[in-house]
Amino acid sequence: MPAQRMYQMCVPVLKTFYPEQQTIIKELQYSNTYDSLDITLIYQLLRQFSLITSPTKGWGKLPDKVDINLGDDVERIRCYRNNLAHRSDTKVDTKEFNEYFAEFRGICFRMHQNSLQKTNYEQEIIGYRSCVMDTAMQKKYENAMKEIANIKLIFEKRPIKFYWGDDFDTWLTNLRSLLREEKLEGRQKVRVQIIFQKADDVENNIEVLNSLTEEINDGLSGVEFIVATKGSLVLIVDVLLEMLETEDKLLTTLALFLEKILARITTVTSETIDIVVLPVEESTQWNKPKTMGEQVYLDFDIEAQLLETDEKVVEQLTKISDAILKNSNGSGTNQNITATLLPIDLEVFSAQAHIPGPFSFQLKQKFQIKKLVDSFILLDCVTINSQVIFSENSDKRLLVHNINGSFIRDFKLSEQPCCISLINENSVVVTFNKSHMQIININTGQVQNVIKTSGDSFWVSYENKLLYATIDKNRIDVITLEGEVIRSFHSPVSPIWYITAATNSLFLTDHLHDTLYCCNLYGSVIWKFTNEKMKRPYSVTSDGKGNAYVACALSNNVVVVSSDGKYQKEIEIQKEDGLQDPTGVHYDKAGNNLWVFNRSSGKVLVYEIKHSK
């Protein structure tokens, strides 16, 4: 799955991830790889979106040796990773070393067998087992080793063993120094992490603990439970400063706290529990819940007649206030709350979403393009300088007509043209469903430049000095007029039936699923539109205000969709106009005319579009 598509799937649920994970996920929209994702996040994505088969025993549990489906092996990777990443010592004997590599070799063998990409994962693991680090990698780990805490056993109160390292010792020493010198500026608590080693059933334990926060904290002194998170089982707690004055105070406090925790969860199957204690980053350890946050902005749509008098306004505001207070669950304060009313700038609103109505359209003219051959196929058109230019596929021509329909001239091409997009008043770009495009002078018919593409290019749209070309009907390359590909991304539509670029967006038609997609210029979906009036969409064009016009063959109409994807209007094509099954559409921004045609009949309708101000 392309990284950009993974990002699109995450957008609706992005807030369910941790802030640092959100940052990493957002980077996927501009990336071609998953290199920035760690094991924990990859595991979470696979699980949340059901991208692979679930493990035999379910998520969060170490599979049995006989369980060998893909989900089982992903679960093994997570379990082995946590055992390595959150262990209380760094010693690995030969037996354990061999066991780890044997397990991962088995995992990689099975993944290699089931992978469409025939990467020999097993061979890579065999190589890692005995390879020597390169100089850069060695330097990286040497620097990292300098920062690793010398984790040691500090205290044992069965079944719990407490460990911490030099960094925690240093942190305690500095904290106690500040405490003695009264330089903590009124701070009363510090935040620490408590990590369970080799915890079982992590997911369920986290859910249980976070649901019992008040119960756990009830009766505790010196320590407050904040939240349980992933990565083995990690508890975030606030500890009163006075509990840090001596090791005895700290360890007694933590032991009492953990007794309450252990009474509520199943953590391990062994007789002892190893606990590692770490300080939380300085940037987060002083965070406290705020009684009042930042300003809250609430947008309301209110019927105009309810604002006719001050009395009606007060009545509506009273209803709004009552509704907010009723549903606040007591989370507000007893202080007075000040609210300011702001009108919405209607000009700004209309600039954000140009609703295609009220607007009017009127059939201005209709004419027949003369067929030069029997297998006549018009695929696309553009308008420029009171002329309209069609790409005619069967006879390999560009046909130039006056806007009143009269024939002017044609240009014979060496190949069958597909799509045509206007570059300037003198030139167009033409595709041929081949691995190249041509820039052609429309006055002379001469080829000015040939642009090589990384695959067959069928549709193309020119906008703001860039070409947006569909490649192999499933990818979009963004190309300069000199032929340089500046970025490439997979399309949310496959196959892409048509593309047109607007100032800040791309419109794509999904011919098979009766859907119009609006994406940003990097391929991320902004919205998609389906409607019973839009059947078998072919080409799409835009009016410069963000509205999209879609030619729909099966519903025999043009559907107009607003820039936010929420509103639609329909231009019905009457039978008496003689055009059936419209397949092509082009918006002439200079004249506010909409050109609609059928590819095989050569029948053309021109509508005059008037937008209300």
# chains A, B, ... in the order shown; residues from 1 in each chain; ligands from 1
call {"tool": "residues_around", "arguments": {"residues": "Pro537 of chain A", "least_positions_apart": "2", "cutoff": "12 Å", "atoms": "only C-alpha atoms", "output": "JSON, numbers by chain"}}
result
{"A": [496, 497, 498, 499, 507, 508, 509, 510, 511, 512, 513, 514, 515, 516, 517, 529, 530, 531, 532, 533, 534, 535, 539, 540, 541, 548, 549, 550, 551, 552, 553, 554, 555, 556, 557, 558, 559, 560, 581, 582, 583, 584, 585]}
call {"tool": "select_by_dssp", "arguments": {"residues": "segment 469-581 of chain A", "states": "strand (DSSP E or B)", "output": "count of residues only"}}
result
55
call {"tool": "residues_around", "arguments": {"residues": "segment 14-27 of chain A", "least_positions_apart": "4", "cutoff": "7 Å", "atoms": "only C-alpha atoms", "output": "NGL selection string"}}
result
:A and (7 or 10 or 31 or 36-37)
call {"tool": "atom_distance", "arguments": {"atom1": "atom CA of Glu242 of chain A", "atom2": "atom CA of Ile265 of chain A"}}
result
28.5 Å
call {"tool": "residues_around", "arguments": {"residues": "Phe432 of chain A", "least_positions_apart": "5", "cutoff": "9 Å", "atoms": "only C-alpha atoms", "output": "VMD selection string"}}
result
chain A and resid 393 415 to 419 437 to 438 456 to 459
call {"tool": "closest_residue", "arguments": {"among": "A:Ile52, A:Ser600, A:Leu220, A:Glu315", "to": "Glu392 of chain A", "atoms": "only C-alpha atoms"}}
result
A:Ser600
call {"tool": "residues_around", "arguments": {"residues": "Pro492 of chain A", "least_positions_apart": "6", "cutoff": "12 Å", "atoms": "only C-alpha atoms", "output": "PyMOL selection string"}}
result
chain A and resi 1-9+470+473-476+506-510+515-520+522-528
call {"tool": "write_last_selection", "arguments": {"atoms": "N, CA and C atoms", "output": "CSV table (one decimal), in the first residue's frame"}}
result
chain,number,residue,atom,x,y,z
A,1,MET,N,0.8,-1.2,0.0
A,1,MET,CA,0.0,0.0,0.0
A,1,MET,C,0.9,1.2,0.0
A,2,PRO,N,0.6,2.2,-0.9
A,2,PRO,CA,1.4,3.4,-0.9
A,2,PRO,C,1.3,4.2,0.4
A,3,ALA,N,2.4,4.8,0.8
A,3,ALA,CA,2.4,5.6,2.1
A,3,ALA,C,1.3,6.7,2.1
A,4,GLN,N,1.1,7.3,1.0
A,4,GLN,CA,0.1,8.4,0.9
A,4,GLN,C,-1.3,7.8,1.2
A,5,ARG,N,-1.6,6.6,0.7
A,5,ARG,CA,-2.9,6.0,0.9
A,5,ARG,C,-3.1,5.6,2.4
A,6,MET,N,-2.0,5.2,3.0
A,6,MET,CA,-2.0,4.9,4.5
A,6,MET,C,-2.4,6.1,5.3
A,7,TYR,N,-1.8,7.3,4.9
A,7,TYR,CA,-2.1,8.6,5.5
A,7,TYR,C,-3.6,8.9,5.4
A,8,GLN,N,-4.1,8.7,4.2
A,8,GLN,CA,-5.5,9.0,3.9
A,8,GLN,C,-6.4,8.2,4.8
A,9,MET,N,-6.1,6.9,5.1
A,9,MET,CA,-6.9,6.1,5.9
A,9,MET,C,-6.8,6.6,7.4
A,470,THR,N,-1.5,11.4,-15.5
A,470,THR,CA,-1.8,10.1,-15.0
A,470,THR,C,-0.9,9.1,-15.7
A,473,LYS,N,-2.6,4.8,-15.4
A,473,LYS,CA,-4.0,4.9,-14.9
A,473,LYS,C,-4.1,4.7,-13.4
A,474,ASN,N,-3.0,4.7,-12.6
A,474,ASN,CA,-3.1,4.5,-11.2
A,474,ASN,C,-2.1,5.4,-10.4
A,475,ARG,N,-1.3,6.2,-11.1
A,475,ARG,CA,-0.3,7.1,-10.4
A,475,ARG,C,-0.4,8.4,-11.1
A,476,ILE,N,0.0,9.4,-10.4
A,476,ILE,CA,0.1,10.8,-10.9
A,476,ILE,C,1.5,11.3,-10.8
A,506,LEU,N,-7.0,18.8,-7.2
A,506,LEU,CA,-7.1,17.9,-8.4
A,506,LEU,C,-8.5,17.2,-8.3
A,507,PHE,N,-9.2,17.1,-9.5
A,507,PHE,CA,-10.4,16.4,-9.5
A,507,PHE,C,-10.2,15.1,-10.4
A,508,LEU,N,-10.6,14.0,-9.8
A,508,LEU,CA,-10.5,12.7,-10.5
A,508,LEU,C,-11.8,12.0,-10.6
A,509,THR,N,-12.1,11.4,-11.7
A,509,THR,CA,-13.4,10.6,-11.8
A,509,THR,C,-13.1,9.1,-11.7
A,510,ASP,N,-14.0,8.5,-10.9
A,510,ASP,CA,-13.9,7.0,-10.8
A,510,ASP,C,-15.1,6.5,-11.6
A,515,THR,N,-18.0,8.0,-8.7
A,515,THR,CA,-17.5,8.8,-7.7
A,515,THR,C,-16.6,9.9,-8.3
A,516,LEU,N,-16.7,11.1,-7.7
A,516,LEU,CA,-15.8,12.2,-8.0
A,516,LEU,C,-14.9,12.4,-6.8
A,517,TYR,N,-13.6,12.4,-7.0
A,517,TYR,CA,-12.6,12.7,-5.9
A,517,TYR,C,-12.0,14.1,-6.1
A,518,CYS,N,-11.9,14.8,-4.9
A,518,CYS,CA,-11.1,16.0,-4.9
A,518,CYS,C,-9.9,15.8,-4.0
A,519,CYS,N,-8.7,16.0,-4.5
A,519,CYS,CA,-7.5,15.8,-3.8
A,519,CYS,C,-6.7,17.1,-3.7
A,520,ASN,N,-5.8,17.2,-2.8
A,520,ASN,CA,-4.8,18.3,-2.9
A,520,ASN,C,-3.8,18.0,-3.9
A,522,TYR,N,-0.9,17.0,-3.7
A,522,TYR,CA,0.0,15.9,-3.3
A,522,TYR,C,-0.7,14.6,-3.3
A,523,GLY,N,-2.0,14.6,-3.7
A,523,GLY,CA,-2.7,13.3,-3.8
A,523,GLY,C,-3.6,12.9,-2.6
A,524,SER,N,-3.6,13.7,-1.5
A,524,SER,CA,-4.4,13.4,-0.4
A,524,SER,C,-5.8,13.7,-0.6
A,525,VAL,N,-6.8,12.8,-0.3
A,525,VAL,CA,-8.2,13.1,-0.6
A,525,VAL,C,-8.7,14.1,0.4
A,526,ILE,N,-9.3,15.2,-0.2
A,526,ILE,CA,-10.0,16.2,0.6
A,526,ILE,C,-11.5,15.8,0.8
A,527,TRP,N,-12.1,15.4,-0.3
A,527,TRP,CA,-13.5,14.8,-0.2
A,527,TRP,C,-13.8,14.0,-1.4
A,528,LYS,N,-14.8,13.2,-1.3
A,528,LYS,CA,-15.3,12.5,-2.5
A,528,LYS,C,-16.8,12.6,-2.5
call {"tool": "atom_distance", "arguments": {"atom1": "atom CA of Ala502 of chain A", "atom2": "atom CA of Lys364 of chain A"}}
result
25.2 Å
call {"tool": "residues_around", "arguments": {"residues": "Gly602 of chain A", "least_positions_apart": "3", "cutoff": "6 Å", "atoms": "only C-alpha atoms", "output": "count of residues only"}}
result
4
